[in-house]
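Take a look at the structure below.
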Amino acid sequence: MTGTLATIERKNPFRVILDFFKGIAVDFAEGGLFVKLSLLLMGAGYFRRGQIVKGLIMTVFQVVIIFFAFTFAAHYLSRFGTLGTVEFQPVFNPETMRNEFNDFDHSFQILLYGIISIIVLTGALFIYLKNIRSVRALEVRAKQGKRIPTFIDDIKSARDEKFYITLLALPCIGIVLFTIVPLVVMISVAFTNYDQLNMPPASLFTWVGLDNFKVLFSDSITDTFSYAFGIVLSWTLIWAFAATFSNYFLGIGLASFINNKNTRFKRVWRTMFIVPAAVPQFVTLLLIRNFFRDQGIANTIASDLGITDFLIRIGMVPAHLSYIPFLTDPTWARTMIILINIWIGVPFMMLIATGVLMNIPKELYESARIDGASSFKQFTKITMPYMLFVTAPFLVTQVVHNINNFNVIFLLTQDLYRTTDQMLSVSNAREVDLLVTWLYRLTQEQYDYKMASVIGIMVFIVSALFTLLAFNLIINRNKEDKFQL
Amino acid sequence: MRKNYALHGAAFSLRHLVLFALAVFWLIPIIWLLFNSFSEFPGLNIRRFFPDGFTLANYEILLFDTTDTVARFPVWFMNTLQIAIFSCIISSIFVLMVSYAMSRMRFRGRRTLMSIGVILGLFPGFLAMIAVYFILRSFGLTNNHWGLVLIYSGSSGLGYLIAKGFFDTISETLSESARLDGATEFQVFRMIIIPLSKPIIVYTVITAFLAPWMDFMFARIMLNSGIATDWTVAIGLFNMIDRNFINTHFARFCAGGVLISIPISILFVIMQKFYVEGIAGGSVKG
């Protein structure tokens with residue numbers, strides 16, 4: 001996994017783009033009549049070389065794109081700058097004797113279809129320009145007297161040296177449609193005033209520049225967003241690190257404890273910890289949430305054993321309560337969430353750690369034992385460094401995963417935890433919210449899409465900064481790592 | 001010498017006592033789930049850990065009683081199964097195709113594509129989901145199982161890393177000699193790599209199949225009509241312990257939890273072996 005970030009193109013991207021256009025210009029200038037004609041009719045160069053099928057495909061493509069550009073794209077792109085000007089209005093239609101709607105603008109549709117149009121047209125422009133290069137290459141081939149590939153040859157190459165295009169086409173279309181287009185749309189929403197007051201179809205929304213980001217960072221009394229953002233962001237970071245590292249170290253500890261040569265029935269113990277991990281997370285989370293309710297079984301047991309009274313006496317539970325607020329008090333809830341997450345995550349980590357531990361070269365321990373190292377010393381000097389080296393990329397992705405860990409927080413606290421902090425509740429945030437659960441509640445409960453998008457962008461910035469820092473650290477450290485053979 | 005034995009014996013017992021205590025701690029919620037699913041009391045018993053009386057009625061109602069409009073377990077199960085099968089087929093094919101291309105083939109833009117994949121993974125999935133919801137709604141695919149299938153499988157190509165790590169370990173000499181014998185890249189993929197990749201195919205298929213059973217967030221957004229027969233198991237079970245129903249349905253929720261856990265845990269146990277191999281193997285190579 002380290003490879004992916006370390007291998008970000010080292011070539012200057014502007015250089016690549018410049019070279020692309022240069023190549024097209026040169027090909028166009030040097031090309032013959034049919035290369036130049038291809039600028040007008042995309043299939044021209046192929047017809048000239050006898051590639052009728054390809055020529056037809058290109059011509060049909062061109063017709064479809066031109067049709068698309070002048071109908072669909074023109075309609076939405078012309079309104080893209082304002083995101084619509086015609087307000088929704090009911091109109092009485094005397095013919096049908098009913099109230100109907102005027103031909104109103106739907107801001108979200110304009111935004112969405114505008115972005116789709118831009119992406120389609122950019123792609124088409126790329127194919128259009130690339131077409132010049134292919135046609136010119138054909139011309140060169142013909143002049144050199146080489147054989148011109150037939151359509152059958154093209155199909156064959158799609159199963160051979162061009163097989164990657166066949167493999168990647170559908171998955172890439174899926175990613176563009178279900179990740180890239182939606183992300184671009186939502187990032188754009190962060191620069192509009194799309195919220196409950198400006199919600200299509202009843203009303204329009206429009207571009208507002210950086211106003212939403214200013215709200216997030218402004219420090220005025222009326223804007224509680226920056227206050228809420230500070231609290232939620234710091235809890236998100238505390239949670240992500242606490243959750244990742246508690247699971248990590250306890251999981252490794254448990255795995256080596258079971259793996260120790262003095263432990264009997266290793267498989268039985270392992271199975272006992274796998275059983276809770278195998279039950280679907282939402283079942284266990286919903287169960288535990290009811291276990292720790294204010295009027296729940298955990299409180300009954302704690303009260304019977306006198307724990308509740310004891311905690312009230314030492315001041316860990318407010319005196320006016322008769323129960324332990326496991327999931328309803330900010331500090332208690334945050335602590336419990338991290339503890340419950342340990343319960344959920346440690347078995348998984350134990351499984352992974354067991355796999356890695358078995359891969360540690362036995363000779364390392366052998367020679368350590370001969371040198372008289374204690375088993376604790378062996379753990380800190382061999383096991384841990386090896387584990388850290390092997391699982392470092394996993395650890396980084398795990399932190400990012402926990403920054404976005406929706407399920408644990410949502411299922412444990414939704415409808416159960418209520419904040420008493422007025423400033424937070426104005427912004428619809430709670431002490432236990434992560435940025436993602438806050439984002440969820442802003443959209444699903446407040447329809448405040450603009451601020452939700454801003455927060456989504458913040459999540460990306462936090463995750464990206466952390467990933468870049470962590471991978472740079474790992475890559476630098478690995479250069480001198482003794483385990484790299 | 002004898003003292004040493006005693007010390008060892010004590011350490012040995014202590015070690016197993018600690019493990020036993022930990023195991024009990026980890027199993028408490030599971031035991032609570034199991035016992036509550038047989039409870040005679042339909043609601044949340046807050047007085048005692050173990051139920052006062054035992055019955056099979058919860059399972060019976062859940063599986064065979066169609067008059068209970070809150071608990072439509074068989075319908076939810078079939079819904080989820082249908083969604084899981086279709087999204088599993090599409091996702092597995094996508095993941096295997098992308099990981100093969102990224103692992104075994106070299107082409108221009110390969111690294112750029114991989115970097116884009118990493119960057120996309122840093123955005124919260126929920127952010128894109130808001131816009132996907134609107135897109136699918138304009139096609140009338142919300143409150144529709146095909147819409148959910150598209151959500152689970154549409155972007156699945158991004159999850160190619162573990163399978164790629166596996167393909168990376170298959171020796172290049174095999175495909176090289178096949179190519180010398182005149183095999184096309186497609187034939188190498190189909191006749192050499194796929195038969196050698198049974199473990200990673202099993203892993204990919206099971207993970208893709210399990211996702212719809214575990215997912216809560218996306219299904220809740222997409223299936224918002226309030227019609228119980230549309231739901232998946234996760235949404236249905238969540239609704240059963242809603243404030244309005246918990247006092248009559250908590251025991252049935254537990255029974256549902258047990259029923260759903262059985263197939264899932266079997267698949268999970270098969271899968272976890274490959275998962276561990278993927279994490280351990282994939283990272284060693286870096």
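We name chains A, B, ... following the order of the structure tokens; residues begin at 1 in each chain, and ligands are numbered from 1 as shown.
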Kindly assemble as a Markdown table a list of the chain B residues that lie within 6 Å of chain A, each paired with its nearest atom pair and their distance in Å to one decimal, using only C-alpha atoms, sorted first by chain and then by ascending residue number.
```
| residue | atom | partner | partner_atom | distance |
| --- | --- | --- | --- | --- |
| B:Ile46 | CA | A:Ile297 | CA | 4.4 |
| B:Phe94 | CA | A:Pro171 | CA | 5.6 |
| B:Met97 | CA | A:Leu167 | CA | 5.2 |
| B:Val98 | CA | A:Leu168 | CA | 5.8 |
| B:Ala101 | CA | A:Tyr164 | CA | 5.2 |
| B:Ser115 | CA | A:Ile8 | CA | 5.9 |
| B:Leu122 | CA | A:Phe460 | CA | 5.5 |
| B:Phe123 | CA | A:Phe460 | CA | 4.8 |
| B:Ala128 | CA | A:Pro182 | CA | 4.8 |
| B:Ala131 | CA | A:Pro182 | CA | 4.9 |
| B:Val132 | CA | A:Pro182 | CA | 5.8 |
| B:Gly154 | CA | A:Gly174 | CA | 4.7 |
| B:Ser155 | CA | A:Ile175 | CA | 4.4 |
| B:Gly157 | CA | A:Pro171 | CA | 5.3 |
| B:Thr184 | CA | A:Asp160 | CA | 4.8 |
| B:Glu185 | CA | A:Asp160 | CA | 4.4 |
| B:Phe186 | CA | A:Arg159 | CA | 5.2 |
| B:Gly257 | CA | A:Val283 | CA | 5.9 |
| B:Ser261 | CA | A:Val279 | CA | 5.1 |
| B:Ser265 | CA | A:Ala278 | CA | 4.6 |
| B:Phe268 | CA | A:Ala278 | CA | 6.0 |
| B:Val276 | CA | A:Ile352 | CA | 5.0 |
| B:Ala280 | CA | A:Val356 | CA | 5.6 |
| B:Ser283 | CA | A:Val390 | CA | 5.9 |
| B:Val284 | CA | A:Val390 | CA | 5.5 |
| B:Gly286 | CA | A:Thr2 | CA | 5.2 |
```
key: All residues 7 Å or closer to region 37-39 of chain A, only C-alpha atoms, same chain fewer than 5 positions away omitted, as a PyMOL selection string   = chain A and resi 44-45+132
Give me the residues near Arg289 (chain A) as a PDB file with all heavy atoms, in the first residue's frame, where near means some atom within 8 Å (using only C-alpha atoms) and where sequence neighbours in that chain fewer than 5 positions away do not count.
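Resulting contents of part.pdb:
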```pdb
ATOM      1  N   LEU A 327     -23.920   6.643  28.559  1.00  0.00           N
ATOM      2  CA  LEU A 327     -23.915   7.158  27.188  1.00  0.00           C
ATOM      3  C   LEU A 327     -24.632   8.491  27.076  1.00  0.00           C
ATOM      4  O   LEU A 327     -25.022   8.909  25.987  1.00  0.00           O
ATOM      5  CB  LEU A 327     -24.564   6.138  26.242  1.00  0.00           C
ATOM      6  CG  LEU A 327     -23.785   4.846  26.009  1.00  0.00           C
ATOM      7  CD1 LEU A 327     -24.628   3.837  25.251  1.00  0.00           C
ATOM      8  CD2 LEU A 327     -22.500   5.122  25.258  1.00  0.00           C
ATOM      9  N   LEU A 411     -24.612   4.439  15.882  1.00  0.00           N
ATOM     10  CA  LEU A 411     -25.477   3.430  16.484  1.00  0.00           C
ATOM     11  C   LEU A 411     -25.467   3.506  18.009  1.00  0.00           C
ATOM     12  O   LEU A 411     -26.437   3.148  18.661  1.00  0.00           O
ATOM     13  CB  LEU A 411     -25.056   2.029  16.021  1.00  0.00           C
ATOM     14  CG  LEU A 411     -25.307   1.758  14.531  1.00  0.00           C
ATOM     15  CD1 LEU A 411     -24.758   0.412  14.131  1.00  0.00           C
ATOM     16  CD2 LEU A 411     -26.794   1.833  14.222  1.00  0.00           C
ATOM     17  N   LEU A 412     -24.367   3.980  18.602  1.00  0.00           N
ATOM     18  CA  LEU A 412     -24.324   4.050  20.067  1.00  0.00           C
ATOM     19  C   LEU A 412     -25.027   5.289  20.602  1.00  0.00           C
ATOM     20  O   LEU A 412     -25.523   5.274  21.722  1.00  0.00           O
ATOM     21  CB  LEU A 412     -22.878   4.036  20.561  1.00  0.00           C
ATOM     22  CG  LEU A 412     -22.162   2.691  20.563  1.00  0.00           C
ATOM     23  CD1 LEU A 412     -20.746   2.849  21.066  1.00  0.00           C
ATOM     24  CD2 LEU A 412     -22.905   1.676  21.425  1.00  0.00           C
ATOM     25  N   THR A 413     -25.055   6.387  19.841  1.00  0.00           N
ATOM     26  CA  THR A 413     -25.525   7.640  20.442  1.00  0.00           C
ATOM     27  C   THR A 413     -26.766   8.238  19.800  1.00  0.00           C
ATOM     28  O   THR A 413     -27.396   9.093  20.413  1.00  0.00           O
ATOM     29  CB  THR A 413     -24.425   8.711  20.383  1.00  0.00           C
ATOM     30  OG1 THR A 413     -24.153   9.010  19.017  1.00  0.00           O
ATOM     31  CG2 THR A 413     -23.162   8.239  21.068  1.00  0.00           C
TER      32      THR A 413
END
```
ask   = Contacts of Val205 (chain B) at 8 Å or less, counting only C-alpha atoms, minus same-chain residues fewer than 5 places along, as a ChimeraX atom specification?
value = /B:88-89,92
request  = Would you kindly return, as a PyMOL selection string, each protein, DNA or RNA residue with an atom no farther than 10 Å from any atom of Leu259 (chain B), considering only C-alpha atoms and excluding same-chain residues fewer than 5 positions away?
outcome  = chain B and resi 37+59+62-63+73+253-254+264
query = Taking into account only C-alpha atoms, which residue in the set A:Ser367, A:Thr328, A:Asn260, A:Asn402 is nearest to Ala242 (chain A)?
reply = A:Asn402
